[in-house]
file work_16.txt (compact mmCIF, C-alpha atoms (C1' of nucleotides))
# COMPACT_ATOMS: atom_id res chain seq x y z
CA MET C 1 12.87 -15.72 -18.17
CA TYR C 2 9.84 -16.38 -16.03
CA GLU C 3 12.11 -16.26 -12.98
CA LEU C 4 12.88 -12.59 -13.65
CA ILE C 5 9.40 -11.73 -12.40
CA GLU C 6 10.15 -12.83 -8.88
CA LEU C 7 13.75 -11.69 -8.95
CA PHE C 8 12.46 -8.24 -9.80
CA PHE C 9 9.93 -8.43 -6.97
CA PHE C 10 12.48 -9.50 -4.36
CA ALA C 11 15.09 -7.03 -5.57
CA TYR C 12 12.71 -4.09 -5.41
CA ARG C 13 11.35 -5.17 -2.05
CA ASP C 14 14.82 -5.26 -0.51
CA PHE C 15 15.85 -2.07 -2.29
CA VAL C 16 13.03 0.05 -0.82
CA GLY C 17 13.45 -1.72 2.51
CA ASP C 18 16.84 -0.07 2.96
CA ALA C 19 15.32 3.39 2.96
CA ASP C 20 12.30 2.45 5.04
CA ARG C 21 14.36 1.95 8.16
CA LEU C 22 15.86 5.41 7.85
CA LEU C 23 12.56 7.12 7.09
CA GLU C 24 10.94 5.73 10.20
CA ALA C 25 13.15 7.90 12.38
CA TYR C 26 11.71 10.99 10.71
CA GLY C 27 8.09 9.88 10.72
CA PHE C 28 8.11 9.71 6.95
CA GLY C 29 6.97 6.96 4.62
CA ARG C 30 7.82 5.89 1.12
CA ALA C 31 5.62 8.55 -0.38
CA HIS C 32 7.67 11.25 1.34
CA HIS C 33 10.84 9.61 0.14
CA ARG C 34 9.76 9.69 -3.48
CA VAL C 35 8.79 13.35 -3.29
CA LEU C 36 11.97 14.38 -1.54
CA TYR C 37 14.05 12.37 -3.95
CA PHE C 38 12.70 14.03 -7.08
CA VAL C 39 12.63 17.50 -5.57
CA SER C 40 16.24 17.11 -4.58
CA ARG C 41 17.27 15.79 -7.98
CA ARG C 42 15.30 18.33 -10.00
CA PRO C 43 15.37 21.61 -8.09
CA GLY C 44 12.68 24.00 -9.23
CA LEU C 45 10.31 21.20 -10.20
CA THR C 46 6.70 22.32 -10.44
CA ILE C 47 3.74 20.54 -8.88
CA ALA C 48 2.38 19.41 -12.24
CA GLU C 49 5.70 17.96 -13.27
CA LEU C 50 6.02 16.07 -10.01
CA LEU C 51 2.51 14.69 -10.37
CA GLU C 52 3.36 13.38 -13.81
CA ILE C 53 6.51 11.67 -12.59
CA LEU C 54 4.86 10.04 -9.61
CA ARG C 55 1.57 9.34 -11.39
CA ILE C 56 -0.56 10.18 -8.39
CA THR C 57 -3.28 12.77 -7.84
CA LYS C 58 -2.67 16.24 -6.48
CA GLN C 59 -4.66 15.33 -3.38
CA SER C 60 -2.33 12.46 -2.57
CA LEU C 61 0.71 14.55 -3.26
CA ASN C 62 -0.52 17.43 -1.19
CA ARG C 63 -0.80 15.40 1.96
CA VAL C 64 2.80 14.28 1.95
CA LEU C 65 4.16 17.49 0.46
CA ARG C 66 2.53 19.51 3.21
CA GLU C 67 4.25 17.39 5.83
CA LEU C 68 7.61 17.81 4.12
CA VAL C 69 7.09 21.57 4.02
CA ASP C 70 5.84 21.76 7.61
CA LYS C 71 8.91 19.91 8.81
CA SER C 72 11.13 22.13 6.66
CA PHE C 73 12.52 19.54 4.30
CA VAL C 74 11.03 21.10 1.19
CA GLU C 75 10.41 24.71 0.27
CA ILE C 76 7.81 26.07 -2.13
CA ARG C 77 8.54 29.29 -3.99
CA ALA C 78 6.36 31.17 -6.42
CA GLY C 79 7.35 30.41 -10.00
CA ALA C 80 9.88 32.73 -11.58
CA LEU C 81 8.09 33.36 -14.86
CA ASP C 82 4.59 32.28 -13.93
CA ARG C 83 3.80 32.88 -10.30
CA ARG C 84 1.09 30.22 -10.38
CA ARG C 85 3.54 27.43 -11.12
CA ARG C 86 5.10 26.91 -7.74
CA GLN C 87 8.58 25.54 -7.71
CA LEU C 88 9.90 23.02 -5.25
CA TYR C 89 13.30 23.02 -3.62
CA ALA C 90 14.87 20.87 -0.93
CA THR C 91 16.00 22.84 2.11
CA PRO C 92 19.45 22.11 3.57
CA ASP C 93 17.78 19.64 5.94
CA GLY C 94 15.94 18.07 3.02
CA GLU C 95 19.11 17.82 1.03
CA ARG C 96 20.85 16.11 3.91
CA LEU C 97 18.10 13.53 4.32
CA ALA C 98 17.93 12.91 0.58
CA GLN C 99 21.66 12.36 0.65
CA ARG C 100 21.47 9.87 3.49
CA LEU C 101 18.70 7.95 1.76
CA ALA C 102 20.65 7.88 -1.49
CA VAL C 103 23.67 6.54 0.32
CA VAL C 104 21.95 3.42 1.62
CA GLN C 105 20.39 2.75 -1.76
CA THR C 106 23.52 3.29 -3.80
CA ARG C 107 25.41 1.10 -1.37
CA ARG C 108 23.19 -1.79 -2.40
CA PHE C 109 23.91 -1.05 -6.04
CA ALA C 110 27.61 -0.79 -5.34
CA LEU C 111 27.72 -4.12 -3.54
CA ALA C 112 25.71 -5.78 -6.29
CA LEU C 113 27.79 -4.33 -9.10
CA GLU C 114 30.98 -5.34 -7.34
CA GLN C 115 30.06 -8.94 -8.01
CA LEU C 116 29.44 -8.32 -11.68
CA GLY C 117 32.64 -6.92 -13.08
CA ASP C 118 33.12 -4.02 -15.44
CA TRP C 119 30.04 -4.73 -17.48
CA GLY C 120 27.78 -4.71 -14.48
CA LEU C 121 26.89 -1.06 -14.47
CA PRO C 122 26.33 -0.48 -18.18
CA SER C 123 24.31 -3.65 -18.56
CA ALA C 124 22.20 -2.95 -15.49
CA ARG C 125 21.56 0.55 -16.77
CA SER C 126 20.52 -0.54 -20.23
CA PHE C 127 18.38 -3.32 -18.84
CA LEU C 128 16.47 -0.93 -16.58
CA GLU C 129 16.15 1.67 -19.31
CA ALA C 130 14.73 -0.91 -21.64
CA MET C 131 12.14 -1.88 -19.02
CA ILE C 132 10.71 1.63 -18.85
CA ASP C 133 7.81 2.73 -21.02
CA PRO C 134 8.94 5.04 -23.79
CA GLN C 135 8.14 8.57 -22.68
CA LYS C 136 5.53 10.27 -24.77
CA ALA C 137 6.21 13.72 -23.40
CA SER C 138 9.69 13.07 -22.00
CA SER C 139 8.43 14.50 -18.73
CA ASP C 140 10.42 11.97 -16.79
CA ALA C 141 13.66 13.18 -18.33
CA ALA C 142 16.09 14.66 -15.86
CA GLY C 143 17.07 18.28 -15.69
CA ARG C 144 13.99 19.70 -17.27
CA THR C 145 13.07 23.19 -16.14
CA GLU C 146 11.06 24.52 -19.05
CA PRO C 147 7.35 23.95 -18.66
CA ALA C 148 5.84 21.60 -21.20
CA LYS C 149 4.50 23.91 -23.86
CA ARG C 150 1.19 22.86 -25.25
CA ALA C 151 0.34 23.17 -28.92
CA SER C 152 -0.06 26.84 -29.64
CA MET U 1 25.31 5.09 -10.48
CA TYR U 2 23.01 7.49 -8.73
CA GLU U 3 20.76 7.35 -11.78
CA LEU U 4 20.05 3.67 -11.15
CA ILE U 5 17.83 4.68 -8.25
CA GLU U 6 15.29 6.34 -10.46
CA LEU U 7 15.68 3.90 -13.31
CA PHE U 8 14.79 1.16 -10.86
CA PHE U 9 11.79 3.16 -9.65
CA PHE U 10 10.46 3.84 -13.15
CA ALA U 11 11.12 0.30 -14.32
CA TYR U 12 9.27 -1.23 -11.39
CA ARG U 13 6.43 1.25 -11.69
CA ASP U 14 5.83 0.35 -15.31
CA PHE U 15 6.36 -3.35 -14.67
CA VAL U 16 3.61 -3.62 -12.05
CA GLY U 17 1.43 -1.27 -14.08
CA ASP U 18 1.10 -3.92 -16.76
CA ALA U 19 -0.58 -6.32 -14.40
CA ASP U 20 -2.70 -3.68 -12.67
CA ARG U 21 -4.83 -3.12 -15.75
CA LEU U 22 -5.62 -6.82 -16.01
CA LEU U 23 -6.35 -7.23 -12.32
CA GLU U 24 -8.91 -4.46 -12.33
CA ALA U 25 -11.24 -6.55 -14.48
CA TYR U 26 -11.32 -9.19 -11.74
CA GLY U 27 -11.68 -6.81 -8.83
CA PHE U 28 -8.26 -7.81 -7.57
CA GLY U 29 -5.33 -5.68 -6.49
CA ARG U 30 -1.60 -6.13 -6.34
CA ALA U 31 -1.84 -8.05 -3.10
CA HIS U 32 -3.99 -10.68 -4.80
CA HIS U 33 -1.57 -10.83 -7.67
CA ARG U 34 1.37 -11.58 -5.42
CA VAL U 35 -0.48 -14.34 -3.60
CA LEU U 36 -1.77 -15.92 -6.78
CA TYR U 37 1.66 -15.73 -8.36
CA PHE U 38 3.46 -17.59 -5.60
CA VAL U 39 0.71 -20.13 -5.10
CA SER U 40 0.77 -20.90 -8.78
CA ARG U 41 4.55 -21.17 -8.88
CA ARG U 42 4.88 -23.24 -5.72
CA PRO U 43 1.87 -25.54 -5.54
CA GLY U 44 1.31 -26.93 -2.07
CA LEU U 45 2.78 -23.88 -0.38
CA THR U 46 1.73 -23.54 3.25
CA ILE U 47 0.40 -20.38 4.85
CA ALA U 48 3.52 -19.88 6.95
CA GLU U 49 5.78 -20.22 3.93
CA LEU U 50 3.75 -17.71 1.97
CA LEU U 51 3.84 -15.25 4.87
CA GLU U 52 7.60 -15.49 4.94
CA ILE U 53 7.94 -14.85 1.24
CA LEU U 54 5.60 -11.87 1.22
CA ARG U 55 6.72 -10.54 4.61
CA ILE U 56 3.24 -9.57 5.71
CA THR U 57 1.08 -10.63 8.66
CA LYS U 58 -1.42 -13.45 8.58
CA GLN U 59 -4.24 -10.92 9.02
CA SER U 60 -3.22 -9.07 5.90
CA LEU U 61 -2.80 -12.28 3.97
CA ASN U 62 -6.08 -13.69 5.12
CA ARG U 63 -8.10 -10.85 3.71
CA VAL U 64 -6.83 -11.27 0.18
CA LEU U 65 -6.52 -15.04 0.37
CA ARG U 66 -10.14 -15.34 1.42
CA GLU U 67 -11.21 -13.36 -1.62
CA LEU U 68 -9.14 -15.54 -3.91
CA VAL U 69 -10.68 -18.64 -2.37
CA ASP U 70 -14.23 -17.25 -2.45
CA LYS U 71 -13.87 -16.46 -6.13
CA SER U 72 -12.35 -19.89 -6.74
CA PHE U 73 -8.91 -18.88 -7.88
CA VAL U 74 -7.12 -20.61 -5.04
CA GLU U 75 -7.89 -23.80 -3.17
CA ILE U 76 -6.90 -24.72 0.36
CA ARG U 77 -6.41 -28.36 1.25
CA ALA U 78 -5.51 -29.90 4.57
CA GLY U 79 -1.83 -30.70 4.75
CA ALA U 80 -0.81 -34.19 3.70
CA LEU U 81 1.41 -35.04 6.65
CA ASP U 82 0.25 -32.44 9.13
CA ARG U 83 -3.39 -31.54 8.70
CA ARG U 84 -2.82 -28.19 10.41
CA ARG U 85 -0.45 -26.98 7.72
CA ARG U 86 -2.87 -26.08 4.98
CA GLN U 87 -1.57 -26.25 1.49
CA LEU U 88 -2.45 -23.80 -1.25
CA TYR U 89 -3.12 -24.62 -4.87
CA ALA U 90 -4.29 -22.56 -7.79
CA THR U 91 -7.54 -23.79 -9.34
CA PRO U 92 -7.77 -24.04 -13.14
CA ASP U 93 -9.24 -20.51 -13.15
CA GLY U 94 -6.45 -19.30 -10.92
CA GLU U 95 -3.86 -20.93 -13.13
CA ARG U 96 -5.35 -19.24 -16.15
CA LEU U 97 -5.27 -15.81 -14.55
CA ALA U 98 -1.74 -16.34 -13.26
CA GLN U 99 -0.76 -17.29 -16.77
CA ARG U 100 -2.32 -14.18 -18.31
CA LEU U 101 -0.61 -11.97 -15.74
CA ALA U 102 2.72 -13.64 -16.37
CA VAL U 103 2.31 -13.12 -20.09
CA VAL U 104 2.04 -9.35 -19.88
CA GLN U 105 4.97 -9.17 -17.52
CA THR U 106 7.25 -11.49 -19.43
CA ARG U 107 6.38 -9.61 -22.60
CA ARG U 108 7.97 -6.53 -21.11
CA PHE U 109 11.08 -8.53 -20.25
CA ALA U 110 11.17 -10.03 -23.73
CA LEU U 111 10.92 -6.65 -25.43
CA ALA U 112 13.59 -5.23 -23.16
CA LEU U 113 15.98 -8.13 -23.61
CA GLU U 114 15.50 -8.02 -27.34
CA GLN U 115 17.35 -4.73 -27.34
CA LEU U 116 20.20 -6.09 -25.33
CA GLY U 117 21.60 -8.99 -27.26
CA ASP U 118 22.66 -12.39 -25.99
CA TRP U 119 24.09 -11.14 -22.76
CA GLY U 120 20.90 -9.37 -21.81
CA LEU U 121 19.22 -12.20 -19.96
CA PRO U 122 22.18 -13.57 -17.99
CA SER U 123 23.34 -10.11 -16.98
CA ALA U 124 19.85 -8.98 -15.97
CA ARG U 125 19.47 -12.12 -13.93
CA SER U 126 22.76 -11.77 -12.12
CA PHE U 127 22.15 -8.09 -11.50
CA LEU U 128 18.77 -8.75 -9.90
CA GLU U 129 20.09 -11.68 -7.91
CA ALA U 130 22.89 -9.53 -6.57
CA MET U 131 20.38 -6.91 -5.48
CA ILE U 132 18.50 -9.35 -3.25
CA ASP U 133 19.35 -9.78 0.43
CA PRO U 134 21.12 -13.06 1.07
CA GLN U 135 18.53 -15.50 2.39
CA LYS U 136 19.09 -16.53 5.94
CA ALA U 137 16.65 -19.41 5.85
CA SER U 138 16.48 -19.86 2.07
CA SER U 139 12.72 -19.69 2.40
CA ASP U 140 12.45 -17.66 -0.78
CA ALA U 141 14.08 -20.43 -2.80
CA ALA U 142 11.89 -21.91 -5.49
CA GLY U 143 10.50 -25.39 -5.51
CA ARG U 144 10.55 -25.99 -1.82
CA THR U 145 7.90 -28.43 -0.59
CA GLU U 146 9.40 -29.76 2.60
CA PRO U 147 8.45 -27.77 5.65
CA ALA U 148 11.36 -26.02 7.31
CA LYS U 149 12.42 -28.43 10.01
CA ARG U 150 13.28 -26.76 13.24
CA ALA U 151 16.19 -27.88 15.37
CA SER U 152 15.20 -31.18 16.93
C1' DG H 1 -13.40 42.03 -17.52
C1' DA H 2 -13.91 37.15 -18.39
C1' DA H 3 -12.14 32.69 -19.22
C1' DT H 4 -8.47 29.64 -18.34
C1' DT H 5 -4.81 27.58 -15.71
C1' DA H 6 -2.21 25.96 -11.58
C1' DT H 7 -2.86 24.75 -7.34
C1' DG H 8 -5.12 23.99 -2.64
C1' DT H 9 -8.54 21.91 0.17
C1' DC H 10 -12.45 19.30 2.16
C1' DA H 11 -14.90 15.03 2.44
C1' DA H 12 -15.51 10.36 1.69
C1' DC H 13 -13.90 6.05 0.42
C1' DA H 14 -10.70 1.71 -1.04
C1' DT H 15 -6.63 -1.03 -0.55
C1' DT H 16 -3.28 -2.94 1.99
C1' DG H 17 -0.40 -2.86 5.58
C1' DC H 18 -0.18 -3.11 11.08
C1' DT H 19 -1.12 -4.63 16.38
C1' DG H 20 -3.64 -6.95 19.91
C1' DA H 21 -6.74 -10.27 21.53
C1' DC H 22 -8.96 -14.37 21.38
C1' DC H 23 -10.68 -18.95 19.09
C1' DT H 24 -10.26 -23.71 17.08
C1' DA H 25 -8.24 -27.87 15.52
C1' DA H 26 -4.41 -30.90 15.06
C1' DT H 27 -0.21 -32.58 16.89
C1' DG H 28 3.20 -34.30 20.05
C1' DG H 29 5.12 -35.30 24.62
C1' DC H 30 4.39 -37.77 28.51
C1' DG S 1 -5.71 -39.82 27.61
C1' DC S 2 -4.35 -35.22 28.95
C1' DC S 3 -2.12 -31.06 28.17
C1' DA S 4 0.98 -27.82 25.99
C1' DT S 5 2.26 -26.31 21.60
C1' DT S 6 1.61 -25.18 16.87
C1' DA S 7 -0.87 -23.60 12.58
C1' DG S 8 -4.10 -20.99 11.33
C1' DG S 9 -8.62 -17.95 11.43
C1' DT S 10 -11.04 -13.99 12.90
C1' DC S 11 -12.58 -9.57 14.94
C1' DA S 12 -11.68 -4.82 15.96
C1' DG S 13 -9.29 -0.78 15.27
C1' DC S 14 -5.82 2.01 13.24
C1' DA S 15 -2.25 4.08 9.71
C1' DA S 16 -0.41 5.13 5.15
C1' DT S 17 -1.37 6.06 0.72
C1' DG S 18 -3.97 5.87 -3.12
C1' DT S 19 -8.73 7.38 -5.42
C1' DT S 20 -13.10 10.77 -6.98
C1' DG S 21 -15.76 14.73 -6.73
C1' DA S 22 -16.69 19.34 -5.66
C1' DC S 23 -15.43 23.79 -4.83
C1' DA S 24 -12.04 27.92 -3.77
C1' DT S 25 -8.32 31.16 -5.00
C1' DA S 26 -4.81 33.56 -7.38
C1' DA S 27 -2.31 34.53 -11.54
C1' DT S 28 -2.38 34.73 -16.38
C1' DT S 29 -4.18 35.31 -20.96
C1' DC S 30 -7.36 36.85 -24.33

call {"tool": "encode", "arguments": {"input": "work_16.txt", "output": "structure tokens"}}
result
Amino acid sequence: MYELIELFFFAYRDFVGDADRLLEAYGFGRAHHRVLYFVSRRPGLTIAELLEILRITKQSLNRVLRELVDKSFVEIRAGALDRRRRQLYATPDGERLAQRLAVVQTRRFALALEQLGDWGLPSARSFLEAMIDPQKASSDAAGRTEPAKRAS
Amino acid sequence: MYELIELFFFAYRDFVGDADRLLEAYGFGRAHHRVLYFVSRRPGLTIAELLEILRITKQSLNRVLRELVDKSFVEIRAGALDRRRRQLYATPDGERLAQRLAVVQTRRFALALEQLGDWGLPSARSFLEAMIDPQKASSDAAGRTEPAKRAS
DNA sequence: GAATTATGTCAACATTGCTGACCTAATGGC
DNA sequence: GCCATTAGGTCAGCAATGTTGACATAATTC
């Protein structure tokens, strides 16, 4: 089981490497990729929600987010209900780039799963799910739009 | 399958997070962890071999390696056959720390695999293996001691 | 109207990666 | 023995991405 440590390291290294080559052409790094990815997958995400997913500070986020906005890959709109809670959306350009990045990464999954037969996908999925910390606030759950209500 | 992208991200994030908390107490970062890990697993590793595994430059490596040596977690000895090719070994202290780091990381694997039944380990292993780029020079293979002979 | 909340921003710093240039010591070819 | 090559170390400077701390602003709530 010890060997899984380095297999995980090598697998993740090669996995992110796929996207790196693409990002270079846009002058973006991995941090931009992560932001664009989650904004594209969860349209209308607020800043606070994104910070919780990425587990970084607002100052770190702001630097890369500003670049994505300046280059018109991400759009910030005032929140619908609460105008303070800005909501993030990928622009058409942003959506296209997110798509291209997803393609190279899912291709690696597809090639890997091809070698593993029918049980490859479900067992990979349950393995990865089991490796993730149980979510206290379920803020990593997909498709969430409602702000996390605090005790009141 | 798209979902695997973020599952992989979250799983790796939590996986390295385990070790991060431990490393802080020693004033080490992830870079130190990676070096210590491979030195401990492949005693007698040379600098060039380590550089190839980590895919970083010697300048980057040297910074963290020097700290590990200064704090007596890693030892450098002149190569047995070729005194230029220095060989790396974990000291008893280094071995102990590597062990503690491995414990927290294998615990996560153990807890995850517990939920997955008998097929958990073999399917996780083959999934991760399939995600790794095929090795051109097999320099990532475990247990190598012989220097890579060049054409001669 | 005042306190709270969500976010932005400036400044300074740490870690970990990079390139380029140059140095030393050991080896190997001749 | 001499010289080119090889393995590695080191210095300087820079980039990306993370951190803290302090303070500003606008919207919301009480």

call {"tool": "residues_around", "arguments": {"input": "work_16.txt", "residues": "U:Gly94", "least_positions_apart": "4", "cutoff": "7 Å", "atoms": "only C-alpha atoms (C1' of nucleotides)", "output": "PyMOL selection string"}}
result
chain U and resi 73-74+90+98

call {"tool": "write_last_selection", "arguments": {"input": "work_16.txt", "atoms": "C-alpha atoms", "output": "PDB file, in the coordinates of the input"}}
result
ATOM      1  CA  PHE U  73      -8.910 -18.880  -7.880  1.00  0.00           C
ATOM      2  CA  VAL U  74      -7.120 -20.610  -5.040  1.00  0.00           C
ATOM      3  CA  ALA U  90      -4.290 -22.560  -7.790  1.00  0.00           C
ATOM      4  CA  ALA U  98      -1.740 -16.340 -13.260  1.00  0.00           C
TER       5      ALA U  98
END

call {"tool": "residues_near_point", "arguments": {"input": "work_16.txt", "point": "(-6.8, -13.3, 5.0)", "cutoff": "12 Å", "atoms": "all atoms listed in the file", "output": "MDAnalysis selection string"}}
result
(chainID U and resid 31:32 35 47 50:51 56:70) or (chainID H and resid 16) or (chainID S and resid 8:10)

call {"tool": "calpha_fit_and_write", "arguments": {"input": "work_16.txt", "fixed": "chain C", "moving": "chain U", "output": "compact mmCIF listing (two decimals) with C-alpha atoms, keeping the file's coordinate frame"}}
result
# COMPACT_ATOMS: atom_id res chain seq x y z
CA MET U 1 13.00 -15.91 -18.02
CA TYR U 2 10.00 -16.58 -15.86
CA GLU U 3 12.30 -16.40 -12.85
CA LEU U 4 13.01 -12.73 -13.54
CA ILE U 5 9.53 -11.91 -12.27
CA GLU U 6 10.31 -12.95 -8.75
CA LEU U 7 13.90 -11.77 -8.84
CA PHE U 8 12.57 -8.34 -9.72
CA PHE U 9 10.06 -8.54 -6.88
CA PHE U 10 12.64 -9.57 -4.28
CA ALA U 11 15.20 -7.08 -5.52
CA TYR U 12 12.77 -4.18 -5.35
CA ARG U 13 11.45 -5.28 -1.98
CA ASP U 14 14.91 -5.26 -0.46
CA PHE U 15 15.89 -2.07 -2.27
CA VAL U 16 13.05 0.00 -0.82
CA GLY U 17 13.48 -1.73 2.53
CA ASP U 18 16.83 -0.03 2.96
CA ALA U 19 15.28 3.39 2.91
CA ASP U 20 12.25 2.43 4.99
CA ARG U 21 14.32 1.94 8.12
CA LEU U 22 15.82 5.42 7.80
CA LEU U 23 12.51 7.10 7.04
CA GLU U 24 10.89 5.71 10.15
CA ALA U 25 13.11 7.88 12.34
CA TYR U 26 11.67 10.97 10.67
CA GLY U 27 8.06 9.85 10.69
CA PHE U 28 8.06 9.70 6.92
CA GLY U 29 6.91 6.96 4.58
CA ARG U 30 7.77 5.89 1.08
CA ALA U 31 5.56 8.56 -0.41
CA HIS U 32 7.63 11.25 1.30
CA HIS U 33 10.79 9.60 0.10
CA ARG U 34 9.71 9.69 -3.52
CA VAL U 35 8.74 13.35 -3.34
CA LEU U 36 11.92 14.36 -1.56
CA TYR U 37 14.01 12.37 -4.00
CA PHE U 38 12.65 14.04 -7.12
CA VAL U 39 12.59 17.50 -5.61
CA SER U 40 16.20 17.12 -4.62
CA ARG U 41 17.22 15.80 -8.03
CA ARG U 42 15.26 18.35 -10.04
CA PRO U 43 15.34 21.62 -8.12
CA GLY U 44 12.65 24.03 -9.24
CA LEU U 45 10.27 21.25 -10.22
CA THR U 46 6.66 22.39 -10.44
CA ILE U 47 3.71 20.62 -8.86
CA ALA U 48 2.32 19.51 -12.21
CA GLU U 49 5.65 18.05 -13.28
CA LEU U 50 5.99 16.13 -10.04
CA LEU U 51 2.45 14.76 -10.39
CA GLU U 52 3.31 13.47 -13.82
CA ILE U 53 6.45 11.75 -12.65
CA LEU U 54 4.80 10.09 -9.67
CA ARG U 55 1.49 9.42 -11.44
CA ILE U 56 -0.63 10.29 -8.44
CA THR U 57 -3.33 12.91 -7.86
CA LYS U 58 -2.72 16.35 -6.46
CA GLN U 59 -4.71 15.41 -3.35
CA SER U 60 -2.41 12.52 -2.61
CA LEU U 61 0.66 14.60 -3.28
CA ASN U 62 -0.54 17.48 -1.19
CA ARG U 63 -0.82 15.43 1.95
CA VAL U 64 2.78 14.29 1.92
CA LEU U 65 4.14 17.51 0.44
CA ARG U 66 2.52 19.52 3.20
CA GLU U 67 4.24 17.38 5.80
CA LEU U 68 7.59 17.81 4.10
CA VAL U 69 7.08 21.56 4.01
CA ASP U 70 5.84 21.76 7.61
CA LYS U 71 8.90 19.90 8.80
CA SER U 72 11.11 22.11 6.63
CA PHE U 73 12.49 19.52 4.27
CA VAL U 74 11.01 21.10 1.18
CA GLU U 75 10.41 24.71 0.25
CA ILE U 76 7.82 26.09 -2.13
CA ARG U 77 8.54 29.32 -3.96
CA ALA U 78 6.36 31.22 -6.38
CA GLY U 79 7.31 30.48 -9.95
CA ALA U 80 9.83 32.82 -11.54
CA LEU U 81 8.00 33.49 -14.79
CA ASP U 82 4.52 32.38 -13.84
CA ARG U 83 3.76 32.94 -10.19
CA ARG U 84 1.06 30.27 -10.28
CA ARG U 85 3.51 27.51 -11.09
CA ARG U 86 5.09 26.94 -7.72
CA GLN U 87 8.56 25.59 -7.71
CA LEU U 88 9.88 23.05 -5.24
CA TYR U 89 13.29 23.02 -3.64
CA ALA U 90 14.85 20.89 -0.97
CA THR U 91 16.00 22.84 2.09
CA PRO U 92 19.45 22.09 3.54
CA ASP U 93 17.77 19.60 5.91
CA GLY U 94 15.92 18.04 3.02
CA GLU U 95 19.09 17.80 0.99
CA ARG U 96 20.82 16.09 3.87
CA LEU U 97 18.07 13.51 4.28
CA ALA U 98 17.89 12.91 0.53
CA GLN U 99 21.62 12.36 0.60
CA ARG U 100 21.45 9.86 3.45
CA LEU U 101 18.67 7.96 1.70
CA ALA U 102 20.61 7.89 -1.54
CA VAL U 103 23.65 6.57 0.27
CA VAL U 104 21.94 3.45 1.57
CA GLN U 105 20.39 2.77 -1.79
CA THR U 106 23.50 3.34 -3.85
CA ARG U 107 25.42 1.16 -1.42
CA ARG U 108 23.24 -1.75 -2.42
CA PHE U 109 23.93 -1.02 -6.08
CA ALA U 110 27.64 -0.72 -5.41
CA LEU U 111 27.80 -4.04 -3.58
CA ALA U 112 25.80 -5.72 -6.31
CA LEU U 113 27.85 -4.28 -9.15
CA GLU U 114 31.04 -5.22 -7.40
CA GLN U 115 30.17 -8.84 -8.05
CA LEU U 116 29.52 -8.24 -11.69
CA GLY U 117 32.68 -6.82 -13.13
CA ASP U 118 33.09 -3.93 -15.54
CA TRP U 119 30.03 -4.70 -17.55
CA GLY U 120 27.79 -4.69 -14.52
CA LEU U 121 26.87 -1.03 -14.52
CA PRO U 122 26.28 -0.48 -18.24
CA SER U 123 24.29 -3.68 -18.58
CA ALA U 124 22.18 -2.97 -15.49
CA ARG U 125 21.49 0.48 -16.81
CA SER U 126 20.45 -0.64 -20.25
CA PHE U 127 18.34 -3.43 -18.82
CA LEU U 128 16.42 -1.05 -16.57
CA GLU U 129 16.07 1.53 -19.32
CA ALA U 130 14.64 -1.10 -21.62
CA MET U 131 12.10 -2.07 -18.98
CA ILE U 132 10.64 1.44 -18.82
CA ASP U 133 7.70 2.50 -20.98
CA PRO U 134 8.78 4.82 -23.76
CA GLN U 135 7.98 8.36 -22.65
CA LYS U 136 5.33 10.02 -24.69
CA ALA U 137 5.99 13.49 -23.36
CA SER U 138 9.51 12.90 -22.03
CA SER U 139 8.33 14.36 -18.75
CA ASP U 140 10.33 11.81 -16.80
CA ALA U 141 13.57 13.00 -18.38
CA ALA U 142 16.07 14.43 -15.94
CA GLY U 143 17.14 18.02 -15.75
CA ARG U 144 14.08 19.55 -17.25
CA THR U 145 13.34 23.09 -16.06
CA GLU U 146 11.33 24.53 -18.90
CA PRO U 147 7.62 24.03 -18.52
CA ALA U 148 6.09 21.79 -21.15
CA LYS U 149 4.84 24.22 -23.75
CA ARG U 150 1.49 23.32 -25.14
CA ALA U 151 0.65 23.71 -28.80
CA SER U 152 0.31 27.42 -29.45

call {"tool": "interface_residues", "arguments": {"input": "work_16.txt", "of": "chain C", "to": "chain U", "cutoff": "9 Å", "atoms": "all atoms listed in the file", "output": "PyMOL selection string"}}
result
chain C and resi 1-15+37-38+53+102+105-106+108-113+115-116+119-121+123-133+140

call {"tool": "atom_distance", "arguments": {"input": "work_16.txt", "atom1": "atom C1' of S:DC14", "atom2": "atom C1' of H:DC22"}}
result
18.6 Å

call {"tool": "atom_distance", "arguments": {"input": "work_16.txt", "atom1": "atom C1' of H:DG28", "atom2": "atom CA of U:Leu81"}}
result
13.5 Å

call {"tool": "residues_near_point", "arguments": {"input": "work_16.txt", "point": "(-3.3, 34.0, -12.2)", "cutoff": "10 Å", "atoms": "only C-alpha atoms (C1' of nucleotides)", "output": "ChimeraX atom specification"}}
result
/C:82-85 /H:4-6 /S:25-29

call {"tool": "axis_aligned_box", "arguments": {"input": "work_16.txt", "around": "stretch 13-21 of chain H", "padding_each_side": "4 Å", "output": "AutoDock Vina command-line options"}}
result
--center_x -7.0 --center_y -2.1 --center_z 10.2 --size_x 21.7 --size_y 24.3 --size_z 30.6

call {"tool": "interface_residues", "arguments": {"input": "work_16.txt", "of": "chain H", "to": "chain C", "cutoff": "12 Å", "atoms": "only C-alpha atoms (C1' of nucleotides)", "output": "NGL selection string"}}
result
:H and (5-11)

call {"tool": "atom_distance", "arguments": {"input": "work_16.txt", "atom1": "atom CA of U:Gly27", "atom2": "atom CA of U:Ile76"}}
result
20.7 Å

call {"tool": "closest_residue", "arguments": {"input": "work_16.txt", "among": "S:DA22, S:DA16, S:DC30, S:DG1", "to": "chain C", "atoms": "all atoms listed in the file"}}
result
S:DA16

call {"tool": "closest_residue", "arguments": {"input": "work_16.txt", "among": "U:Ala78, U:Val39, U:Leu97, U:Ala19", "to": "chain S", "atoms": "all atoms listed in the file"}}
result
U:Ala78
